[in-house]
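Data file: upload-v2.cif. Format and content: mmCIF, C-alpha atoms and all ligand atoms.
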```cif
data_protein
#
loop_
_atom_site.label_atom_id
_atom_site.label_comp_id
_atom_site.auth_asym_id
_atom_site.auth_seq_id
_atom_site.Cartn_x
_atom_site.Cartn_y
_atom_site.Cartn_z
CA MET A 329 60.42 19.75 42.55
CA THR A 330 59.20 16.43 41.18
CA ASP A 331 62.32 14.71 42.52
CA ASP A 332 61.71 16.20 45.97
CA ARG A 333 58.11 15.10 45.90
CA LYS A 334 59.08 11.63 44.74
CA THR A 335 61.61 11.32 47.56
CA GLN A 336 59.04 12.48 50.06
CA LEU A 337 56.42 10.04 48.79
CA ALA A 338 58.99 7.21 48.81
CA GLU A 339 59.87 7.96 52.43
CA ASN A 340 56.22 8.09 53.43
CA LEU A 341 55.50 4.83 51.61
CA ASP A 342 58.45 3.22 53.41
CA ARG A 343 57.08 4.32 56.78
CA VAL A 344 53.59 3.01 55.97
CA GLU A 345 55.11 -0.23 54.70
CA GLU A 346 56.98 -0.60 58.01
CA ARG A 347 53.76 -0.02 59.94
CA ILE A 348 51.86 -2.61 57.92
CA SER A 349 54.71 -5.15 58.19
CA ALA A 350 54.99 -4.64 61.94
CA ALA A 351 51.22 -4.96 62.39
CA CYS A 352 51.22 -8.17 60.32
CA ALA A 353 54.08 -9.58 62.39
CA ARG A 354 52.29 -8.77 65.66
CA ALA A 355 49.10 -10.41 64.36
CA GLY A 356 50.94 -13.49 63.10
CA ARG A 357 49.85 -12.69 59.57
CA ALA A 358 51.91 -12.88 56.39
CA ARG A 359 52.68 -9.46 54.92
CA ASP A 360 51.11 -10.40 51.61
CA GLU A 361 47.71 -10.88 53.26
CA VAL A 362 47.33 -7.10 53.40
CA THR A 363 47.16 -4.81 50.35
CA LEU A 364 47.83 -1.09 50.57
CA ILE A 365 45.43 1.18 48.72
CA VAL A 366 46.66 4.78 48.55
CA VAL A 367 43.86 7.35 48.82
CA THR A 368 44.87 10.14 46.44
CA LYS A 369 41.88 12.49 46.90
CA THR A 370 42.76 16.21 46.77
CA TYR A 371 46.22 15.37 45.34
CA PRO A 372 47.09 15.85 41.66
CA ALA A 373 47.50 13.29 38.89
CA SER A 374 51.26 14.01 38.99
CA ASP A 375 51.36 12.48 42.48
CA VAL A 376 49.44 9.45 41.24
CA ARG A 377 52.09 8.97 38.53
CA LEU A 378 54.92 9.25 41.06
CA LEU A 379 53.19 6.71 43.30
CA ALA A 380 52.88 4.31 40.37
CA GLU A 381 56.60 4.74 39.63
CA LEU A 382 57.22 3.82 43.27
CA GLY A 383 55.26 0.60 42.87
CA VAL A 384 51.77 1.54 44.01
CA ARG A 385 49.12 -0.34 42.00
CA GLN A 386 45.91 0.46 43.91
CA VAL A 387 44.58 3.98 44.40
CA ALA A 388 41.31 5.31 45.77
CA GLU A 389 39.20 8.42 45.29
CA ASN A 390 35.97 9.57 46.93
CA ARG A 391 34.48 12.18 44.57
CA ASP A 392 33.69 11.47 40.95
CA GLN A 393 34.16 15.05 39.80
CA GLU A 394 37.77 14.90 40.96
CA ALA A 395 38.45 11.23 40.21
CA ALA A 396 37.16 11.10 36.62
CA PRO A 397 39.63 13.62 35.14
CA LYS A 398 42.47 12.25 37.27
CA ALA A 399 41.85 8.69 36.11
CA ALA A 400 41.66 9.95 32.51
CA GLU A 401 45.02 11.74 32.90
CA CYS A 402 46.51 8.51 34.24
CA ALA A 403 44.86 6.15 31.74
CA ASP A 404 48.27 4.88 30.58
CA VAL A 405 49.35 3.98 34.14
CA PRO A 406 48.75 0.39 35.34
CA LEU A 407 46.47 1.14 38.29
CA THR A 408 43.28 -0.18 39.80
CA TRP A 409 41.00 2.70 40.84
CA HIS A 410 38.82 2.17 43.91
CA PHE A 411 35.83 4.40 44.50
CA VAL A 412 35.37 4.91 48.26
CA GLY A 413 32.96 7.85 48.60
CA GLN A 414 29.22 8.16 48.88
CA LEU A 415 27.98 7.59 45.37
CA GLN A 416 24.96 9.25 43.81
CA THR A 417 23.23 7.33 41.07
CA ASN A 418 23.73 10.19 38.59
CA LYS A 419 27.53 9.70 38.92
CA VAL A 420 27.43 5.96 38.36
CA ARG A 421 27.90 6.08 34.59
CA SER A 422 31.10 8.07 35.01
CA VAL A 423 32.43 5.92 37.86
CA ALA A 424 31.73 2.71 35.94
CA GLY A 425 34.06 4.01 33.24
CA TYR A 426 37.24 3.98 35.35
CA ALA A 427 36.67 2.23 38.68
CA GLY A 428 37.80 -1.34 39.11
CA ILE A 429 36.16 -1.65 42.50
CA VAL A 430 33.37 0.38 44.11
CA GLN A 431 33.80 0.06 47.87
CA SER A 432 30.78 2.11 48.88
CA VAL A 433 27.83 -0.01 47.74
CA ASP A 434 25.12 0.65 50.32
CA ARG A 435 21.66 0.46 48.74
CA ALA A 436 19.68 -1.54 46.24
CA ARG A 437 19.13 1.39 43.86
CA LEU A 438 22.88 1.84 43.59
CA VAL A 439 23.30 -1.85 42.73
CA THR A 440 20.74 -1.51 39.92
CA ALA A 441 22.47 1.57 38.53
CA LEU A 442 25.98 0.07 38.79
CA SER A 443 24.85 -3.08 37.04
CA LYS A 444 23.25 -1.17 34.19
CA GLU A 445 26.30 1.04 33.63
CA ALA A 446 28.82 -1.81 33.99
CA VAL A 447 26.98 -3.74 31.29
CA ARG A 448 26.77 -0.64 29.10
CA ALA A 449 30.52 -0.05 29.48
CA GLY A 450 31.27 -3.71 28.87
CA ARG A 451 33.18 -3.86 32.16
CA GLU A 452 32.98 -6.01 35.28
CA LEU A 453 32.89 -3.93 38.45
CA GLY A 454 34.04 -5.31 41.78
CA CYS A 455 31.74 -4.30 44.63
CA LEU A 456 32.23 -4.08 48.38
CA ILE A 457 29.24 -3.68 50.67
CA GLN A 458 29.95 -0.64 52.85
CA VAL A 459 28.84 -1.42 56.39
CA ALA A 460 27.77 1.39 58.72
CA LEU A 461 28.53 0.14 62.22
CA ASP A 462 26.81 3.21 63.66
CA ALA A 463 23.51 2.68 61.80
CA GLU A 464 20.40 1.20 63.37
CA ALA A 465 18.60 -1.69 61.70
CA GLY A 466 17.23 -0.69 58.34
CA GLU A 467 19.02 2.67 58.23
CA ARG A 468 22.05 4.09 56.50
CA GLY A 469 24.99 5.55 58.39
CA GLU A 470 26.05 9.17 58.68
CA ARG A 471 28.88 8.67 56.17
CA GLY A 472 27.10 6.13 53.99
CA GLY A 473 26.96 2.40 54.47
CA VAL A 474 24.19 -0.06 55.18
CA ALA A 475 23.35 -1.24 58.70
CA PRO A 476 24.73 -4.73 59.48
CA ASP A 477 21.27 -6.31 59.19
CA GLY A 478 21.03 -5.12 55.58
CA VAL A 479 24.29 -6.62 54.34
CA GLU A 480 22.94 -10.02 53.36
CA ALA A 481 20.12 -8.74 51.13
CA LEU A 482 22.40 -6.24 49.44
CA ALA A 483 25.06 -8.90 48.87
CA GLU A 484 22.45 -11.11 47.21
CA ALA A 485 21.49 -8.22 44.95
CA VAL A 486 25.11 -7.64 43.90
CA ALA A 487 25.77 -11.35 43.41
CA GLY A 488 22.73 -11.62 41.15
CA ALA A 489 23.44 -8.48 39.11
CA GLN A 490 24.95 -8.58 35.64
CA GLY A 491 28.30 -6.87 35.29
CA LEU A 492 28.98 -6.84 39.04
CA ARG A 493 31.25 -9.04 41.15
CA LEU A 494 30.75 -9.32 44.91
CA ASP A 495 34.23 -8.89 46.41
CA GLY A 496 33.57 -8.32 50.12
CA VAL A 497 32.94 -5.62 52.72
CA MET A 498 34.27 -2.22 53.70
CA THR A 499 33.86 0.08 56.68
CA VAL A 500 35.02 3.40 58.07
CA ALA A 501 35.50 3.36 61.85
CA PRO A 502 32.46 5.21 63.21
CA LEU A 503 32.84 8.54 65.03
CA ALA A 504 29.57 8.05 66.92
CA GLY A 505 27.60 5.21 68.43
CA PRO A 506 28.79 2.15 70.36
CA TYR A 507 32.02 1.80 68.37
CA ALA A 508 33.18 5.42 68.63
CA GLY A 509 36.83 5.42 69.69
CA ARG A 510 36.87 1.59 69.64
CA GLU A 511 38.46 0.93 66.26
CA LEU A 512 39.64 -2.60 67.04
CA ALA A 513 36.18 -3.64 68.22
CA ALA A 514 34.61 -2.04 65.15
CA PHE A 515 36.95 -3.88 62.78
CA GLU A 516 36.42 -7.17 64.65
CA ARG A 517 32.67 -6.69 64.16
CA LEU A 518 33.31 -6.15 60.44
CA MET A 519 35.27 -9.43 60.36
CA GLU A 520 32.25 -11.26 61.82
CA ILE A 521 30.06 -9.73 59.15
CA SER A 522 32.64 -10.79 56.56
CA SER A 523 32.68 -14.39 57.73
CA ASP A 524 28.87 -14.55 57.60
CA LEU A 525 29.07 -13.15 54.08
CA ARG A 526 31.77 -15.63 53.01
CA ALA A 527 29.64 -18.54 54.23
CA ALA A 528 27.20 -17.73 51.43
CA HIS A 529 29.69 -16.11 49.00
CA PRO A 530 33.11 -17.78 49.41
CA ALA A 531 34.79 -15.54 46.80
CA ALA A 532 33.85 -12.34 48.65
CA THR A 533 37.09 -12.30 50.63
CA MET A 534 38.02 -8.59 50.64
CA VAL A 535 37.82 -6.77 53.96
CA SER A 536 38.64 -3.08 53.49
CA ALA A 537 39.23 -1.31 56.81
CA GLY A 538 41.75 1.00 58.38
CA MET A 539 43.10 4.40 57.38
CA SER A 540 46.21 6.38 58.37
CA ALA A 541 45.22 6.60 62.03
CA ASP A 542 43.95 3.06 62.58
CA LEU A 543 45.59 0.73 60.07
CA GLU A 544 47.24 -1.26 62.90
CA GLU A 545 43.85 -2.08 64.43
CA ALA A 546 42.51 -3.08 61.01
CA VAL A 547 45.44 -5.44 60.36
CA ALA A 548 45.08 -6.89 63.86
CA ALA A 549 41.39 -7.60 63.23
CA GLY A 550 42.07 -9.29 59.88
CA ALA A 551 41.60 -6.64 57.18
CA THR A 552 42.84 -7.60 53.71
CA HIS A 553 43.00 -4.01 52.43
CA VAL A 554 43.91 -0.76 54.17
CA ARG A 555 43.10 2.65 52.66
CA VAL A 556 45.81 5.17 53.48
CA GLY A 557 45.82 8.81 52.40
CA THR A 558 47.41 11.27 54.82
CA ALA A 559 50.29 9.03 55.92
CA VAL A 560 51.46 8.72 52.30
CA LEU A 561 50.55 12.05 50.68
CA GLY A 562 50.46 14.44 53.62
CA VAL A 563 47.71 16.28 55.46
CA ARG A 564 44.99 17.31 53.02
CA PRO A 565 44.49 21.08 52.67
CA ARG A 566 40.75 20.72 53.34
CA LEU A 567 38.57 18.02 54.81
CA ARG A 568 36.23 16.66 52.16
C1 LIG A 601 40.01 9.81 52.83
C2 LIG A 601 39.64 8.39 53.08
C3 LIG A 601 40.58 7.46 53.54
C4 LIG A 601 42.01 7.83 53.89
O1 LIG A 601 42.04 8.54 55.08
P1 LIG A 601 43.43 9.01 55.75
O2 LIG A 601 43.06 9.29 57.16
O3 LIG A 601 43.86 10.22 55.01
O4 LIG A 601 44.38 7.89 55.62
C5 LIG A 601 40.17 6.15 53.70
N1 LIG A 601 38.91 5.77 53.43
C6 LIG A 601 37.98 6.63 52.98
C7 LIG A 601 36.61 6.14 52.70
C8 LIG A 601 38.31 7.97 52.79
O5 LIG A 601 37.38 8.83 52.35
#
```
Translate the structure of the given file into structure tokens.
Ligand SMILES: *Cc1c(COP(=O)(O)O)cnc(C)c1O
Amino acid sequence: MTDDRKTQLAENLDRVEERISAACARAGRARDEVTLIVVTKTYPASDVRLLAELGVRQVAENRDQEAAPKAAECADVPLTWHFVGQLQTNKVRSVAGYAGIVQSVDRARLVTALSKEAVRAGRELGCLIQVALDAEAGERGERGGVAPDGVEALAEAVAGAQGLRLDGVMTVAPLAGPYAGRELAAFERLMEISSDLRAAHPAATMVSAGMSADLEEAVAAGATHVRVGTAVLGVRPRLR
């Protein structure tokens, strides 16, 4: 069983690798400018181990109640865990215990909580500002994220917070609003926001965009990290 699963995951990883390589070639980018993060949500720790054996080093989860035990089961595996889901402040202590990077930073209260728990845990947490391209000024998006006009203030908060490191920006292609169905345009807008951010914070170079369905558009726009679940692990039994 495990061998079958490993073969299947290896084949899927190969296909995703080919897609990323081809997208880099088309965009005139070097392959090593783009890092694959495998989103393992809903799949067991045994799959995470197989992925690590196949060379995966970056994994992502979106719910603490699932991620915390999985990360604990895989504590001996050399992996960086990304947290990519909407994060409630009462889960921050747990997340700060295993996450290397929190990609879903979208409000000042979360920055305060992350800083406090990172310091308590004696860890440095990388942070990406999640941008909601469907949110109006001053609002948060349907699936989390701060409106583009709020990025700068939030970035300042992260940059000034103990225990936190400002690494860049993240987005999920919006299902509604002016960018619905226009993934390339959405990711190009994220790149503009990233270059504004880098003007003030040159080390904040990460641009996390693109999933199984739209990783080509993300690579074309300039993403440095793509977050791929379904294309590696298979269709999830339930949408979460
Ligand atoms: C689930 C998820 C992904 C991966 O999506 P797929 O379509 O399965 O590749 C990427 N980013 C976030 C924030 C997710 O929640």
All residues 10 Å or closer to Arg564 of chain A, only C-alpha atoms, same chain fewer than 5 positions away omitted, as JSON, numbers by chain: {"A": [368, 369, 370, 371, 557, 558]}
Serialized selection, C-alpha atoms, as an mmCIF file, in the frame of the given file:
```
data_model
loop_
_atom_site.group_PDB
_atom_site.id
_atom_site.type_symbol
_atom_site.label_atom_id
_atom_site.label_comp_id
_atom_site.auth_asym_id
_atom_site.auth_seq_id
_atom_site.Cartn_x
_atom_site.Cartn_y
_atom_site.Cartn_z
ATOM 1 C CA THR A 368 44.870 10.140 46.440
ATOM 2 C CA LYS A 369 41.880 12.490 46.900
ATOM 3 C CA THR A 370 42.760 16.210 46.770
ATOM 4 C CA TYR A 371 46.220 15.370 45.340
ATOM 5 C CA GLY A 557 45.820 8.810 52.400
ATOM 6 C CA THR A 558 47.410 11.270 54.820
#
```
Separation of atom CA of Thr330 of chain A from atom C7 of ligand LIG 601 (chain A) in Å: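 Computed distance, atom C7 of ligand LIG 601 (chain A) to atom CA of Thr330 of chain A, equals 27.4 Å.
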Give the residues close to ligand LIG 601 (chain A), within 10 Å, counting all atoms listed in the file; write them as a PDB file with C-alpha atoms, keeping the file's coordinate frame.
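As a result, part_18.pdb now contains:
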```pdb
ATOM      1  CA  ILE A 365      45.430   1.180  48.720  1.00  0.00           C
ATOM      2  CA  VAL A 366      46.660   4.780  48.550  1.00  0.00           C
ATOM      3  CA  VAL A 367      43.860   7.350  48.820  1.00  0.00           C
ATOM      4  CA  THR A 368      44.870  10.140  46.440  1.00  0.00           C
ATOM      5  CA  LYS A 369      41.880  12.490  46.900  1.00  0.00           C
ATOM      6  CA  THR A 370      42.760  16.210  46.770  1.00  0.00           C
ATOM      7  CA  ALA A 388      41.310   5.310  45.770  1.00  0.00           C
ATOM      8  CA  GLU A 389      39.200   8.420  45.290  1.00  0.00           C
ATOM      9  CA  ASN A 390      35.970   9.570  46.930  1.00  0.00           C
ATOM     10  CA  ARG A 391      34.480  12.180  44.570  1.00  0.00           C
ATOM     11  CA  HIS A 410      38.820   2.170  43.910  1.00  0.00           C
ATOM     12  CA  PHE A 411      35.830   4.400  44.500  1.00  0.00           C
ATOM     13  CA  VAL A 412      35.370   4.910  48.260  1.00  0.00           C
ATOM     14  CA  GLY A 413      32.960   7.850  48.600  1.00  0.00           C
ATOM     15  CA  GLN A 414      29.220   8.160  48.880  1.00  0.00           C
ATOM     16  CA  GLN A 431      33.800   0.060  47.870  1.00  0.00           C
ATOM     17  CA  SER A 432      30.780   2.110  48.880  1.00  0.00           C
ATOM     18  CA  GLN A 458      29.950  -0.640  52.850  1.00  0.00           C
ATOM     19  CA  ARG A 471      28.880   8.670  56.170  1.00  0.00           C
ATOM     20  CA  GLY A 472      27.100   6.130  53.990  1.00  0.00           C
ATOM     21  CA  MET A 498      34.270  -2.220  53.700  1.00  0.00           C
ATOM     22  CA  THR A 499      33.860   0.080  56.680  1.00  0.00           C
ATOM     23  CA  VAL A 500      35.020   3.400  58.070  1.00  0.00           C
ATOM     24  CA  ALA A 501      35.500   3.360  61.850  1.00  0.00           C
ATOM     25  CA  SER A 536      38.640  -3.080  53.490  1.00  0.00           C
ATOM     26  CA  ALA A 537      39.230  -1.310  56.810  1.00  0.00           C
ATOM     27  CA  GLY A 538      41.750   1.000  58.380  1.00  0.00           C
ATOM     28  CA  MET A 539      43.100   4.400  57.380  1.00  0.00           C
ATOM     29  CA  SER A 540      46.210   6.380  58.370  1.00  0.00           C
ATOM     30  CA  ALA A 541      45.220   6.600  62.030  1.00  0.00           C
ATOM     31  CA  ASP A 542      43.950   3.060  62.580  1.00  0.00           C
ATOM     32  CA  LEU A 543      45.590   0.730  60.070  1.00  0.00           C
ATOM     33  CA  VAL A 554      43.910  -0.760  54.170  1.00  0.00           C
ATOM     34  CA  ARG A 555      43.100   2.650  52.660  1.00  0.00           C
ATOM     35  CA  VAL A 556      45.810   5.170  53.480  1.00  0.00           C
ATOM     36  CA  GLY A 557      45.820   8.810  52.400  1.00  0.00           C
ATOM     37  CA  THR A 558      47.410  11.270  54.820  1.00  0.00           C
ATOM     38  CA  ALA A 559      50.290   9.030  55.920  1.00  0.00           C
ATOM     39  CA  VAL A 560      51.460   8.720  52.300  1.00  0.00           C
ATOM     40  CA  LEU A 561      50.550  12.050  50.680  1.00  0.00           C
ATOM     41  CA  GLY A 562      50.460  14.440  53.620  1.00  0.00           C
ATOM     42  CA  VAL A 563      47.710  16.280  55.460  1.00  0.00           C
ATOM     43  CA  ARG A 564      44.990  17.310  53.020  1.00  0.00           C
ATOM     44  CA  LEU A 567      38.570  18.020  54.810  1.00  0.00           C
ATOM     45  CA  ARG A 568      36.230  16.660  52.160  1.00  0.00           C
TER      46      ARG A 568
END
```
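Of the residues under consideration (A:Gly491, A:Ala549, A:Asp524, A:Glu381), A:Ala549 shows the shortest atom-to-atom contact distance to Glu511 of chain A when counting all atoms listed in the file.
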Atomic distance atom CA of Gly496 of chain A - atom CA of Arg343 of chain A, expressed in Å with one decimal: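 Straight-line distance from atom CA of Gly496 of chain A to atom CA of Arg343 of chain A works out to 27.5 Å.
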Computed interatomic separation between atom CA of Arg347 of chain A and atom CA of Asp360 of chain A (Å):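 A separation of 13.6 Å between them.
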Exercise: Gly454 of chain A partners within 9 Å, only C-alpha atoms, chain neighbours under 4 positions left out, as number ranges by chain: A: 427-431, 491-496
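Restricting the calculation to all atoms listed in the file, the smallest distance between Val384 of chain A and any of A:Pro406, A:Gly550, A:Gly509, A:Pro372 is found for A:Pro406.
Distance check against His529 of chain A using all atoms listed in the file: of A:Pro502, A:His553, A:Glu484, A:Thr408, the minimum falls on A:Glu484.
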Nearest to Leu382 of chain A by atom-to-atom distance, counting only C-alpha atoms, from A:Ala460, A:Leu337, A:Val405, A:Thr533: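 For Leu382 of chain A, the nearest of the candidates is A:Leu337.
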Distance criterion (all atoms listed in the file): nearest to Ala395 of chain A out of A:Ala513, A:Val423, A:Leu379, A:Val447: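 Once distances to Ala395 of chain A are computed over all atoms listed in the file, the minimum belongs to A:Val423.
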Which residue of A:Cys402, A:Val439, A:Ala373, A:Val387 approaches Ala481 of chain A most closely, using all atoms listed in the file: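 Counting all atoms listed in the file, the residue closest to Ala481 of chain A is A:Val439.
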Neighbour list for Ala436 of chain A as a ChimeraX atom specification, cut-off 12 Å, all atoms listed in the file, skip fewer than 5 positions in-chain: /A:417,441-443,457,468,473-474,478-489
